>>> print(open('target23.txt').read())   # compact mmCIF, C-alpha atoms
# COMPACT_ATOMS: atom_id res chain seq x y z
CA MET X 1 0.00 0.00 0.00
CA ARG X 2 2.81 2.44 0.86
CA ALA X 3 4.41 2.06 -2.58
CA GLU X 4 1.12 2.36 -4.46
CA ALA X 5 0.11 5.37 -2.38
CA VAL X 6 3.34 7.22 -3.17
CA GLU X 7 3.05 6.39 -6.87
CA PHE X 8 -0.57 7.55 -6.99
CA LEU X 9 -0.05 10.77 -5.07
CA THR X 10 2.97 11.65 -7.19
CA ALA X 11 0.97 11.17 -10.40
CA TYR X 12 -1.93 13.24 -9.05
CA HIS X 13 0.24 16.16 -7.98
CA GLN X 14 2.25 16.11 -11.23
CA GLU X 15 -0.73 15.85 -13.61
CA HIS X 16 -2.61 18.65 -11.82
CA ASP X 17 0.45 20.72 -10.86
CA VAL X 18 -0.66 20.62 -7.21
CA PRO X 19 1.91 21.81 -4.62
CA GLY X 20 2.62 20.07 -1.33
CA LEU X 21 3.46 16.57 -2.58
CA ALA X 22 6.11 15.82 0.06
CA GLN X 23 3.84 16.91 2.89
CA ARG X 24 0.92 14.85 1.56
CA ILE X 25 3.09 11.74 1.18
CA THR X 26 4.29 12.12 4.76
CA GLU X 27 0.70 12.46 6.01
CA VAL X 28 -0.45 9.40 4.12
CA LEU X 29 2.47 7.19 5.16
CA ASP X 30 1.97 8.20 8.80
CA GLU X 31 -1.73 7.36 8.51
CA ILE X 32 -0.93 3.96 6.98
CA ASP X 33 1.52 3.21 9.80
CA LEU X 34 -1.09 4.17 12.40
CA THR X 35 -4.27 2.62 10.93
CA GLY X 36 -3.20 0.20 8.20
CA SER X 37 -4.79 2.37 5.49
CA TYR X 38 -5.51 5.99 4.59
CA ARG X 39 -8.40 8.15 3.40
CA HIS X 40 -8.35 9.79 -0.01
CA ARG X 41 -9.23 13.44 -0.20
CA GLY X 42 -12.28 14.19 -2.34
CA GLU X 43 -10.27 15.49 -5.28
CA GLU X 44 -7.91 12.48 -5.07
CA LEU X 45 -10.88 10.11 -5.21
CA VAL X 46 -12.27 11.83 -8.31
CA TYR X 47 -8.89 11.78 -10.04
CA GLY X 48 -8.23 8.16 -9.11
CA SER X 49 -11.65 7.02 -10.32
CA ARG X 50 -11.15 8.74 -13.66
CA VAL X 51 -7.65 7.32 -14.10
CA ALA X 52 -8.99 3.86 -13.28
CA TRP X 53 -11.23 4.23 -16.33
CA ARG X 54 -8.41 5.72 -18.39
CA GLN X 55 -6.30 2.64 -17.66
CA SER X 56 -9.06 0.03 -17.92
CA VAL X 57 -7.57 -2.39 -20.43
CA ARG X 58 -10.84 -3.79 -21.76
CA CYS X 59 -12.70 -0.55 -22.44
CA ILE X 60 -12.74 1.05 -25.89
CA GLY X 61 -14.66 4.17 -24.76
CA ARG X 62 -11.87 5.74 -22.72
CA VAL X 63 -11.65 8.93 -24.76
CA ARG X 64 -14.32 10.25 -22.34
CA TRP X 65 -12.41 9.38 -19.15
CA SER X 66 -11.97 12.95 -17.92
CA ALA X 67 -15.74 13.58 -18.09
CA LEU X 68 -16.61 10.77 -15.65
CA HIS X 69 -19.00 12.08 -12.99
CA VAL X 70 -17.83 10.71 -9.62
CA ARG X 71 -20.28 10.51 -6.72
CA ASP X 72 -18.46 10.30 -3.39
CA ARG X 73 -20.73 8.27 -1.11
CA ARG X 74 -18.11 6.85 1.25
CA ASP X 75 -20.24 7.88 4.24
CA VAL X 76 -23.17 5.69 3.10
CA THR X 77 -22.64 2.30 4.72
CA SER X 78 -26.05 0.65 5.23
CA VAL X 79 -27.87 -1.58 2.76
CA ALA X 80 -30.82 0.83 2.70
CA GLY X 81 -28.53 3.78 2.07
CA ILE X 82 -26.61 2.01 -0.68
CA ALA X 83 -29.86 0.98 -2.36
CA ARG X 84 -31.07 4.58 -2.25
CA GLU X 85 -27.84 5.80 -3.85
CA LEU X 86 -28.00 3.12 -6.54
CA ARG X 87 -31.44 4.34 -7.52
CA GLN X 88 -30.09 7.88 -7.66
CA HIS X 89 -27.18 6.66 -9.79
CA LEU X 90 -29.63 5.22 -12.34
CA ALA X 91 -31.52 8.51 -12.48
CA GLU X 92 -28.42 10.69 -12.82
CA ALA X 93 -26.86 8.45 -15.48
CA ASP X 94 -29.98 7.94 -17.62
CA ARG X 95 -31.00 11.58 -18.17
CA SER X 96 -33.99 10.62 -20.35
CA GLY X 97 -31.75 8.54 -22.61
CA ARG X 98 -28.94 11.11 -22.89
CA ILE X 99 -26.68 8.77 -20.95
CA ARG X 100 -23.61 10.09 -19.17
CA SER X 101 -20.80 8.19 -17.48
CA VAL X 102 -21.18 8.00 -13.70
CA MET X 103 -19.36 6.23 -10.86
CA THR X 104 -20.66 6.00 -7.29
CA VAL X 105 -17.96 5.15 -4.75
CA PHE X 106 -18.91 3.68 -1.36
CA ALA X 107 -16.77 2.98 1.70
CA PRO X 108 -13.33 1.45 1.11
CA ASP X 109 -12.45 -2.03 2.30
CA ARG X 110 -10.57 -2.56 5.52
CA PRO X 111 -7.16 -4.16 5.03
CA GLY X 112 -7.17 -7.88 5.65
CA VAL X 113 -10.91 -8.25 6.21
CA ALA X 114 -14.02 -8.73 4.07
CA PRO X 115 -15.27 -5.88 1.85
CA ARG X 116 -17.08 -3.07 3.64
CA ALA X 117 -19.85 -3.43 1.07
CA ARG X 118 -20.48 -5.25 -2.16
CA ILE X 119 -23.15 -5.89 -4.74
CA TRP X 120 -23.64 -9.46 -5.93
CA ASN X 121 -25.07 -8.50 -9.34
CA ASP X 122 -22.54 -8.05 -12.12
CA GLN X 123 -24.69 -5.20 -13.47
CA LEU X 124 -27.51 -3.28 -11.81
CA VAL X 125 -29.82 -4.26 -14.67
CA ARG X 126 -29.81 -7.92 -15.59
CA TYR X 127 -32.44 -10.42 -16.72
CA CYS X 128 -33.18 -13.71 -14.98
CA GLY X 129 -32.03 -17.06 -16.27
CA TRP X 130 -34.81 -19.50 -15.34
CA PRO X 131 -34.19 -23.26 -15.32
CA ALA X 132 -36.51 -25.05 -17.74
CA PRO X 133 -37.67 -28.70 -17.50
CA ASP X 134 -35.61 -29.69 -20.56
CA ASP X 135 -32.38 -28.40 -18.93
CA SER X 136 -32.43 -25.27 -21.08
CA VAL X 137 -32.61 -21.76 -19.65
CA LEU X 138 -35.45 -19.29 -20.15
CA GLY X 139 -34.02 -15.78 -20.30
CA ASP X 140 -30.32 -15.07 -19.93
CA PRO X 141 -28.22 -18.21 -19.31
CA ALA X 142 -25.38 -16.04 -18.01
CA GLN X 143 -27.60 -15.14 -15.04
CA HIS X 144 -28.68 -18.69 -14.23
CA ALA X 145 -26.44 -18.96 -11.15
CA MET X 146 -27.47 -15.51 -9.90
CA THR X 147 -31.13 -16.40 -10.40
CA ARG X 148 -30.67 -19.55 -8.34
CA ALA X 149 -28.91 -17.50 -5.66
CA VAL X 150 -31.72 -14.95 -5.27
CA LEU X 151 -34.30 -17.74 -5.17
CA ARG X 152 -32.33 -19.36 -2.35
CA LEU X 153 -32.33 -16.01 -0.58
CA GLY X 154 -36.13 -16.06 -0.64
CA TRP X 155 -37.03 -14.09 -3.76
CA ARG X 156 -40.25 -15.30 -5.30
CA GLY X 157 -40.11 -13.77 -8.74
CA PRO X 158 -43.05 -13.38 -11.14
CA ASP X 159 -45.82 -15.97 -11.28
CA ALA X 160 -45.12 -16.58 -14.97
CA PRO X 161 -41.36 -16.43 -15.70
CA GLY X 162 -40.34 -14.76 -18.96
CA ARG X 163 -37.24 -14.00 -21.00
CA PHE X 164 -36.76 -10.47 -19.67
CA ASP X 165 -37.59 -10.54 -15.94
CA LEU X 166 -35.48 -8.09 -13.95
CA LEU X 167 -33.27 -9.61 -11.29
CA PRO X 168 -33.42 -8.06 -7.82
CA TRP X 169 -30.26 -6.59 -6.33
CA VAL X 170 -28.35 -8.35 -3.59
CA ILE X 171 -26.38 -5.97 -1.37
CA GLU X 172 -24.32 -6.84 1.69
CA THR X 173 -22.24 -4.78 4.11
CA ALA X 174 -19.78 -5.53 6.88
CA THR X 175 -22.64 -5.48 9.39
CA GLU X 176 -25.63 -6.60 7.31
CA PRO X 177 -26.19 -9.92 5.53
CA PRO X 178 -26.87 -10.30 1.80
CA THR X 179 -30.16 -8.48 1.36
CA LEU X 180 -32.66 -8.58 -1.49
CA VAL X 181 -33.59 -5.21 -2.95
CA ALA X 182 -36.25 -4.94 -5.65
CA ALA X 183 -34.92 -3.51 -8.92
CA PRO X 184 -36.56 -0.07 -9.40
CA ARG X 185 -38.51 -0.78 -12.58
CA LYS X 186 -39.62 2.84 -12.98
CA LEU X 187 -35.99 3.94 -13.26
CA ILE X 188 -34.95 1.24 -15.72
CA ARG X 189 -35.34 2.20 -19.36
CA GLU X 190 -35.82 -0.68 -21.79
CA VAL X 191 -35.79 -0.53 -25.58
CA PRO X 192 -37.98 -2.88 -27.68
CA LEU X 193 -36.00 -4.05 -30.69
CA SER X 194 -37.17 -3.62 -34.28
CA HIS X 195 -35.49 -3.37 -37.68
CA PRO X 196 -36.04 -0.61 -40.26
CA GLN X 197 -36.30 -3.10 -43.18
CA TYR X 198 -37.70 -6.30 -41.62
CA PRO X 199 -41.10 -5.89 -39.91
CA TRP X 200 -40.90 -9.47 -38.60
CA PHE X 201 -37.97 -8.54 -36.36
CA ALA X 202 -40.24 -6.79 -33.85
CA GLU X 203 -42.31 -9.97 -33.60
CA LEU X 204 -39.31 -11.74 -32.05
CA GLY X 205 -40.19 -9.90 -28.83
CA LEU X 206 -36.62 -8.87 -28.05
CA ARG X 207 -35.62 -5.90 -25.93
CA TRP X 208 -32.68 -4.65 -23.93
CA HIS X 209 -32.01 -2.16 -21.16
CA ALA X 210 -30.48 1.21 -21.96
CA LEU X 211 -27.93 1.59 -19.18
CA PRO X 212 -25.00 -0.77 -18.50
CA VAL X 213 -23.98 -0.21 -14.85
CA ILE X 214 -21.11 -2.54 -13.89
CA SER X 215 -21.52 -3.27 -10.20
CA ASN X 216 -19.18 -6.08 -9.16
CA MET X 217 -15.70 -4.80 -9.98
CA ARG X 218 -13.16 -3.59 -7.43
CA LEU X 219 -11.87 -0.05 -7.77
CA ARG X 220 -8.25 0.17 -6.62
CA ILE X 221 -6.67 3.58 -6.08
CA GLY X 222 -3.25 4.04 -4.54
CA GLY X 223 -3.37 0.71 -2.71
CA VAL X 224 -6.89 1.24 -1.35
CA ASP X 225 -9.69 -1.07 -2.53
CA TYR X 226 -13.31 -0.06 -3.03
CA SER X 227 -15.32 -3.23 -3.59
CA CYS X 228 -18.54 -1.28 -4.01
CA ALA X 229 -18.05 1.30 -6.77
CA PRO X 230 -20.64 0.80 -9.55
CA PHE X 231 -20.02 2.70 -12.77
CA ASN X 232 -21.46 3.05 -16.25
CA GLY X 233 -20.72 4.26 -19.71
CA HIS X 234 -23.16 3.72 -22.57
CA TYR X 235 -23.66 0.72 -24.81
CA LEU X 236 -21.72 -0.20 -27.93
CA SER X 237 -24.13 -1.85 -30.36
CA ASP X 238 -22.22 -5.11 -30.69
CA GLU X 239 -22.13 -5.60 -26.92
CA ILE X 240 -25.87 -6.15 -27.18
CA GLY X 241 -26.30 -7.32 -30.74
CA THR X 242 -23.42 -9.76 -31.08
CA ARG X 243 -22.63 -10.81 -27.53
CA ASN X 244 -25.85 -10.57 -25.49
CA MET X 245 -28.20 -11.51 -28.30
CA GLY X 246 -25.90 -13.66 -30.43
CA ASP X 247 -23.74 -15.81 -28.16
CA VAL X 248 -24.81 -19.44 -27.74
CA GLY X 249 -24.42 -19.02 -23.99
CA ARG X 250 -26.67 -15.96 -23.97
CA TYR X 251 -29.92 -15.36 -25.92
CA ASP X 252 -28.64 -17.33 -28.94
CA GLN X 253 -30.61 -15.44 -31.60
CA LEU X 254 -28.30 -15.80 -34.61
CA GLY X 255 -30.01 -18.95 -35.88
CA VAL X 256 -33.47 -17.51 -35.21
CA VAL X 257 -32.71 -14.39 -37.26
CA ALA X 258 -30.92 -16.31 -40.01
CA ARG X 259 -33.91 -18.61 -40.50
CA ALA X 260 -36.25 -15.61 -40.59
CA LEU X 261 -34.04 -14.17 -43.33
CA GLY X 262 -34.42 -17.40 -45.27
CA THR X 263 -30.75 -18.31 -44.90
CA ASP X 264 -29.59 -21.93 -44.85
CA ILE X 265 -27.93 -22.41 -41.44
CA ASP X 266 -26.67 -25.88 -42.36
CA ARG X 267 -24.00 -24.31 -44.56
CA GLU X 268 -20.94 -22.39 -43.47
CA ASP X 269 -19.87 -20.88 -46.79
CA ASN X 270 -22.81 -18.46 -46.81
CA LEU X 271 -21.61 -16.72 -43.60
CA TRP X 272 -25.07 -16.92 -42.08
CA ARG X 273 -23.82 -16.01 -38.60
CA GLU X 274 -22.18 -12.81 -39.84
CA HIS X 275 -25.30 -11.90 -41.80
CA ALA X 276 -27.57 -12.47 -38.82
CA ALA X 277 -25.22 -10.57 -36.48
CA LEU X 278 -25.20 -7.62 -38.88
CA VAL X 279 -29.01 -7.53 -38.99
CA ILE X 280 -29.26 -7.70 -35.20
CA ASN X 281 -26.74 -4.89 -34.82
CA GLN X 282 -28.68 -2.79 -37.32
CA ALA X 283 -31.80 -3.41 -35.22
CA ILE X 284 -30.00 -2.36 -32.02
CA LEU X 285 -28.75 0.91 -33.53
CA HIS X 286 -32.10 1.68 -35.15
CA SER X 287 -34.13 0.91 -32.02
CA PHE X 288 -31.94 2.79 -29.54
CA ARG X 289 -31.68 5.86 -31.75
CA SER X 290 -35.41 5.83 -32.48
CA ALA X 291 -36.01 5.73 -28.72
CA GLY X 292 -33.60 8.64 -28.14
CA VAL X 293 -31.15 6.48 -26.18
CA ARG X 294 -27.43 7.08 -26.56
CA ILE X 295 -25.51 4.23 -28.23
CA SER X 296 -22.32 3.90 -30.28
CA ASP X 297 -21.42 1.85 -33.34
CA PRO X 298 -18.11 -0.06 -33.49
CA HIS X 299 -16.54 1.99 -36.31
CA THR X 300 -17.14 5.37 -34.66
CA GLU X 301 -15.94 4.10 -31.29
CA SER X 302 -12.85 2.60 -32.89
CA GLU X 303 -11.91 5.94 -34.43
CA LEU X 304 -12.46 7.66 -31.08
CA PHE X 305 -10.21 5.13 -29.37
CA VAL X 306 -7.44 5.94 -31.84
CA ARG X 307 -7.89 9.58 -30.84
CA PHE X 308 -7.57 8.52 -27.18
CA CYS X 309 -4.35 6.66 -27.99
CA GLU X 310 -2.93 9.76 -29.64
CA GLN X 311 -3.87 11.89 -26.62
CA GLU X 312 -2.17 9.46 -24.23
CA GLU X 313 0.98 9.32 -26.35
CA ARG X 314 1.16 13.12 -26.49
CA ALA X 315 0.88 13.15 -22.69
CA GLY X 316 3.78 10.69 -22.46
CA ARG X 317 1.66 7.88 -21.06
CA PRO X 318 1.51 4.27 -22.30
CA VAL X 319 -1.74 2.98 -23.74
CA TYR X 320 -2.82 -0.09 -21.81
CA GLY X 321 -5.16 -2.50 -23.55
CA ASP X 322 -6.37 -6.04 -24.06
CA TRP X 323 -6.42 -6.40 -27.84
CA SER X 324 -9.08 -9.13 -27.83
CA TRP X 325 -11.53 -6.87 -25.97
CA LEU X 326 -10.82 -3.69 -27.90
CA ASN X 327 -11.69 -5.16 -31.29
CA GLY X 328 -15.28 -5.25 -32.43
CA SER X 329 -17.21 -8.50 -32.60
CA VAL X 330 -19.62 -7.99 -35.49
CA GLY X 331 -17.48 -10.22 -37.72
CA TRP X 332 -15.29 -7.74 -39.59
CA ALA X 333 -13.11 -6.46 -36.77
CA ALA X 334 -10.18 -6.08 -39.15
CA LEU X 335 -12.01 -3.13 -40.72
CA HIS X 336 -11.83 -1.17 -37.46
CA ALA X 337 -8.99 1.24 -36.79
CA VAL X 338 -8.01 -0.39 -33.49
CA HIS X 339 -7.35 -3.75 -35.18
CA HIS X 340 -3.94 -2.65 -36.44
CA ARG X 341 -2.58 -1.44 -33.11
CA TYR X 342 -0.98 -3.24 -30.17
CA TYR X 343 -1.03 -2.13 -26.56
CA ASP X 344 0.81 -2.34 -23.26
CA THR X 345 -0.72 -5.47 -21.71
CA ARG X 346 0.11 -4.62 -18.10
CA VAL X 347 -2.73 -3.81 -15.68
CA PRO X 348 -1.61 -0.73 -13.74
CA THR X 349 -3.34 1.00 -10.84
CA PRO X 350 -5.58 2.88 -10.41
CA ASN X 351 -7.82 0.40 -12.21
CA LEU X 352 -11.06 -1.53 -12.15
CA LEU X 353 -10.37 -5.15 -11.30
CA PRO X 354 -12.50 -8.30 -11.49
CA THR X 355 -13.71 -9.98 -8.30
CA THR X 356 -14.97 -13.43 -7.40
CA ARG X 357 -18.71 -13.92 -7.41
CA PRO X 358 -20.06 -14.77 -3.94
CA TYR X 359 -22.78 -17.02 -5.36
CA ASP X 360 -20.29 -19.23 -7.23
CA ALA X 361 -19.62 -21.30 -4.12
CA ALA X 362 -21.38 -24.64 -3.48
CA GLY X 363 -25.11 -24.44 -3.84
CA GLY X 364 -25.01 -21.18 -5.74
CA VAL X 365 -24.63 -19.03 -2.59
CA GLY X 366 -21.26 -18.15 -1.15
CA ALA X 367 -19.72 -18.55 2.27
CA THR X 368 -20.88 -15.13 3.39
CA LEU X 369 -24.48 -16.25 3.22
CA ARG X 370 -23.79 -19.46 5.11
CA ASP X 371 -22.03 -17.52 7.84
CA LEU X 372 -24.90 -15.08 8.18
CA HIS X 373 -27.77 -17.45 7.49
CA SER X 374 -29.26 -16.96 10.95
CA ALA X 375 -29.92 -13.30 10.19
CA ALA X 376 -33.27 -12.44 8.67
CA HIS X 377 -33.23 -11.43 5.02
CA ARG X 378 -35.57 -8.71 3.99
CA GLU X 379 -36.61 -7.13 0.72
CA LEU X 380 -36.59 -3.35 0.35
CA ALA X 381 -39.25 -1.87 -1.89
>>> encode(input="target23.txt", output="structure tokens")
Amino acid sequence: MRAEAVEFLTAYHQEHDVPGLAQRITEVLDEIDLTGSYRHRGEELVYGSRVAWRQSVRCIGRVRWSALHVRDRRDVTSVAGIARELRQHLAEADRSGRIRSVMTVFAPDRPGVAPRARIWNDQLVRYCGWPAPDDSVLGDPAQHAMTRAVLRLGWRGPDAPGRFDLLPWVIETATEPPTLVAAPRKLIREVPLSHPQYPWFAELGLRWHALPVISNMRLRIGGVDYSCAPFNGHYLSDEIGTRNMGDVGRYDQLGVVARALGTDIDREDNLWREHAALVINQAILHSFRSAGVRISDPHTESELFVRFCEQEERAGRPVYGDWSWLNGSVGWAALHAVHHRYYDTRVPTPNLLPTTRPYDAAGGVGATLRDLHSAAHRELA
């Protein structure tokens, strides 16, 4: 922590030309010696959160990093308070479809102990994955384990399960057990999907939510971890169209769309998957823009990422990146500007880091739940 703190504070003071670096380093190191950690000043937290996005190796939308709106909610430590702030995050980020990038940072973890707070959901808006009698999954297969977990926690769900049922939130703190919180449907914007050329596309009954709020990653700034720091950008069309709708382990719609187009899916030389993925992506872009919801296409975002790379190089900073994540997934990634670049593959800090899922343990619910099972679970409206 001492080394990371010094590195972070030095970068902050140098990038912002802030005086008093030596004094601040002394204060922080003394605080670490006394308490085992230290508290970021408000302006340090904002800077660190933005740099974490700037250095996030899997994100192609980093040209906007300096515009990230950071909500400092480190004093909110109860489940009820966190749930209230999550609802406010949705409202502030959505802005009637004019989506802006927002991060809400809650209390930091204590060194050597469990997180002060965490959210089980990987995003604040996710759809259930219901087990079907034939061993298939109704809804989103990627959320099958989470759906089992919330059912074990006592969630009842709708009487008639569907493909797009909103999962409740599960929030836990250092003093409160994993708690079910109803997803605020009135604050969640969803977009029905249609295609400008194929009227039958709307009859597929597909839709997707407008706001991707990542809620299970760990924000690390200067050696301090924040396990509860949900953040959002806005969607790239192929995140929804190719991955969420197209992957076999997700909604698996490529074959459905290809057959509706009259394409023979028993052949490979007709590129039916690419054709179907293109049509789905066209539907995503058309539907979101018709609904007035901000969304990006892969080519535009690729060009913007090249601009980001140029900005970083002019500033004398390396461009960190995971090539496999930065290239589009519609099928012609080689046409995108980012395809011909390579990146520094290190993962520096500040950054946003993956965490283990608490419901991946035996039975679909992690050790935290077993330890706290005697406590009553409650659902917040």
>>> atom_distance(input="target23.txt", atom1="atom CA of Glu239 of chain X", atom2="atom CA of Gly97 of chain X")
17.6 Å
>>> residues_around(input="target23.txt", residues="Gly321 of chain X", least_positions_apart="6", cutoff="6 Å", atoms="only C-alpha atoms", output="list in words")
Val57, Tyr343, Asp344 and Thr345 of chain X
>>> residues_around(input="target23.txt", residues="Arg2 of chain X", least_positions_apart="4", cutoff="9 Å", atoms="all atoms listed in the file", output="list in words")
Val6, Glu7, Val28, Leu29, Ile32, Ser37, Gly222 and Gly223 of chain X
>>> residues_around(input="target23.txt", residues="Ala11 of chain X", least_positions_apart="3", cutoff="12 Å", atoms="all atoms listed in the file", output="short mmCIF file (atom, residue, chain, number, x, y, z; two decimals) with C-alpha atoms, in the coordinates of the input")
data_model
loop_
_atom_site.label_atom_id
_atom_site.label_comp_id
_atom_site.auth_asym_id
_atom_site.auth_seq_id
_atom_site.Cartn_x
_atom_site.Cartn_y
_atom_site.Cartn_z
CA GLU X 4 1.12 2.36 -4.46
CA ALA X 5 0.11 5.37 -2.38
CA VAL X 6 3.34 7.22 -3.17
CA GLU X 7 3.05 6.39 -6.87
CA PHE X 8 -0.57 7.55 -6.99
CA GLN X 14 2.25 16.11 -11.23
CA GLU X 15 -0.73 15.85 -13.61
CA HIS X 16 -2.61 18.65 -11.82
CA ASP X 17 0.45 20.72 -10.86
CA VAL X 18 -0.66 20.62 -7.21
CA LEU X 21 3.46 16.57 -2.58
CA ILE X 25 3.09 11.74 1.18
CA GLU X 44 -7.91 12.48 -5.07
CA TYR X 47 -8.89 11.78 -10.04
CA GLY X 48 -8.23 8.16 -9.11
CA VAL X 51 -7.65 7.32 -14.10
CA ILE X 221 -6.67 3.58 -6.08
CA GLY X 222 -3.25 4.04 -4.54
CA ARG X 317 1.66 7.88 -21.06
CA THR X 349 -3.34 1.00 -10.84
CA PRO X 350 -5.58 2.88 -10.41
#
>>> closest_atom_pairs(input="target23.txt", of="segment 216-315 of chain X", to="segment 111-126 of chain X", cutoff="6 Å", atoms="all atoms listed in the file", output="Markdown table")
| residue | atom | partner | partner_atom | distance |
| --- | --- | --- | --- | --- |
| X:Asn216 | CA | X:Asp122 | CA | 4.9 |
| X:Ser227 | CA | X:Arg118 | CA | 5.7 |
| X:Cys228 | CA | X:Arg118 | CA | 4.8 |
>>> atom_distance(input="target23.txt", atom1="atom CA of Trp208 of chain X", atom2="atom CA of Ile240 of chain X")
7.7 Å
>>> closest_residue(input="target23.txt", among="X:Ala132, X:Leu45, X:Ile284, X:Ala80", to="Pro196 of chain X", atoms="all atoms listed in the file")
X:Ile284
>>> closest_residue(input="target23.txt", among="X:Val76, X:Met1, X:Ala258, X:Ala202", to="Glu31 of chain X", atoms="all atoms listed in the file")
X:Met1
>>> residues_around(input="target23.txt", residues="Gly292 of chain X", least_positions_apart="6", cutoff="12 Å", atoms="all atoms listed in the file", output="mmCIF file with C-alpha atoms, in the coordinates of the input")
data_model
loop_
_atom_site.group_PDB
_atom_site.id
_atom_site.type_symbol
_atom_site.label_atom_id
_atom_site.label_comp_id
_atom_site.auth_asym_id
_atom_site.auth_seq_id
_atom_site.Cartn_x
_atom_site.Cartn_y
_atom_site.Cartn_z
ATOM 1 C CA ASP X 94 -29.980 7.940 -17.620
ATOM 2 C CA ARG X 95 -31.000 11.580 -18.170
ATOM 3 C CA SER X 96 -33.990 10.620 -20.350
ATOM 4 C CA GLY X 97 -31.750 8.540 -22.610
ATOM 5 C CA ARG X 98 -28.940 11.110 -22.890
ATOM 6 C CA ILE X 99 -26.680 8.770 -20.950
ATOM 7 C CA ARG X 189 -35.340 2.200 -19.360
ATOM 8 C CA GLU X 190 -35.820 -0.680 -21.790
ATOM 9 C CA VAL X 191 -35.790 -0.530 -25.580
ATOM 10 C CA ALA X 210 -30.480 1.210 -21.960
ATOM 11 C CA LEU X 285 -28.750 0.910 -33.530
ATOM 12 C CA HIS X 286 -32.100 1.680 -35.150
#
>>> closest_residue(input="target23.txt", among="X:Val63, X:Met103, X:Leu271, X:Ala3", to="Glu310 of chain X", atoms="only C-alpha atoms")
X:Val63
>>> residues_near_point(input="target23.txt", point="(-28.5, -1.2, -15.7)", cutoff="12 Å", atoms="all atoms listed in the file", output="number ranges by chain")
X: 86-87, 89-91, 93-94, 99, 102, 121-127, 166-169, 183-185, 187-190, 208-215, 230-235
>>> residues_near_point(input="target23.txt", point="(-32.4, -19.7, -21.2)", cutoff="12 Å", atoms="all atoms listed in the file", output="number ranges by chain")
X: 127-145, 147, 161-165, 245, 247-253
>>> residues_around(input="target23.txt", residues="Glu312 of chain X", least_positions_apart="2", cutoff="12 Å", atoms="only C-alpha atoms", output="ChimeraX atom specification")
/X:51,54-55,62-63,65,305-310,314-320,343
>>> closest_residue(input="target23.txt", among="X:Ile171, X:Asp33, X:Ser66, X:Ala52", to="Ser78 of chain X", atoms="all atoms listed in the file")
X:Ile171
>>> atom_distance(input="target23.txt", atom1="atom CA of His195 of chain X", atom2="atom CA of Asp264 of chain X")
20.8 Å
>>> closest_residue(input="target23.txt", among="X:Val79, X:Gln88, X:Trp272, X:Glu203", to="Val170 of chain X", atoms="all atoms listed in the file")
X:Val79
>>> closest_residue(input="target23.txt", among="X:Leu9, X:Leu236, X:Val105, X:Leu68", to="Leu219 of chain X", atoms="only C-alpha atoms")
X:Val105
>>> axis_aligned_box(input="target23.txt", around="segment 302-313 of chain X", padding_each_side="4 Å", output="AutoDock Vina command-line options")
--center_x -5.9 --center_y 7.2 --center_z -29.3 --size_x 21.8 --size_y 17.3 --size_z 18.2
>>> build_atoms(input="target23.txt", residues="segment 123-134 of chain X", atoms="N, CA and C atoms", output="mmCIF file, in the coordinates of the input")
data_model
loop_
_atom_site.group_PDB
_atom_site.id
_atom_site.type_symbol
_atom_site.label_atom_id
_atom_site.label_comp_id
_atom_site.auth_asym_id
_atom_site.auth_seq_id
_atom_site.Cartn_x
_atom_site.Cartn_y
_atom_site.Cartn_z
ATOM 1 N N GLN X 123 -24.190 -6.509 -13.054
ATOM 2 C CA GLN X 123 -24.690 -5.200 -13.470
ATOM 3 C C GLN X 123 -25.983 -4.915 -12.703
ATOM 4 N N LEU X 124 -26.294 -3.633 -12.544
ATOM 5 C CA LEU X 124 -27.510 -3.280 -11.810
ATOM 6 C C LEU X 124 -28.763 -3.686 -12.561
ATOM 7 N N VAL X 125 -28.672 -3.799 -13.872
ATOM 8 C CA VAL X 125 -29.820 -4.260 -14.670
ATOM 9 C C VAL X 125 -29.414 -5.541 -15.375
ATOM 10 N N ARG X 126 -30.045 -6.626 -14.967
ATOM 11 C CA ARG X 126 -29.810 -7.920 -15.590
ATOM 12 C C ARG X 126 -31.124 -8.696 -15.618
ATOM 13 N N TYR X 127 -31.226 -9.620 -16.571
ATOM 14 C CA TYR X 127 -32.440 -10.420 -16.720
ATOM 15 C C TYR X 127 -32.213 -11.832 -16.176
ATOM 16 N N CYS X 128 -33.257 -12.382 -15.593
ATOM 17 C CA CYS X 128 -33.180 -13.710 -14.980
ATOM 18 C C CYS X 128 -32.845 -14.790 -16.000
ATOM 19 N N GLY X 129 -32.239 -15.844 -15.496
ATOM 20 C CA GLY X 129 -32.030 -17.060 -16.270
ATOM 21 C C GLY X 129 -32.736 -18.200 -15.577
ATOM 22 N N TRP X 130 -33.962 -18.512 -16.018
ATOM 23 C CA TRP X 130 -34.810 -19.500 -15.340
ATOM 24 C C TRP X 130 -34.496 -20.914 -15.822
ATOM 25 N N PRO X 131 -34.369 -21.862 -14.897
ATOM 26 C CA PRO X 131 -34.190 -23.260 -15.320
ATOM 27 C C PRO X 131 -35.470 -23.802 -15.926
ATOM 28 N N ALA X 132 -35.354 -24.455 -17.067
ATOM 29 C CA ALA X 132 -36.510 -25.050 -17.740
ATOM 30 C C ALA X 132 -36.466 -26.573 -17.573
ATOM 31 N N PRO X 133 -37.622 -27.242 -17.692
ATOM 32 C CA PRO X 133 -37.670 -28.700 -17.500
ATOM 33 C C PRO X 133 -36.747 -29.484 -18.417
ATOM 34 N N ASP X 134 -36.464 -28.954 -19.612
ATOM 35 C CA ASP X 134 -35.610 -29.690 -20.560
ATOM 36 C C ASP X 134 -34.133 -29.342 -20.395
#
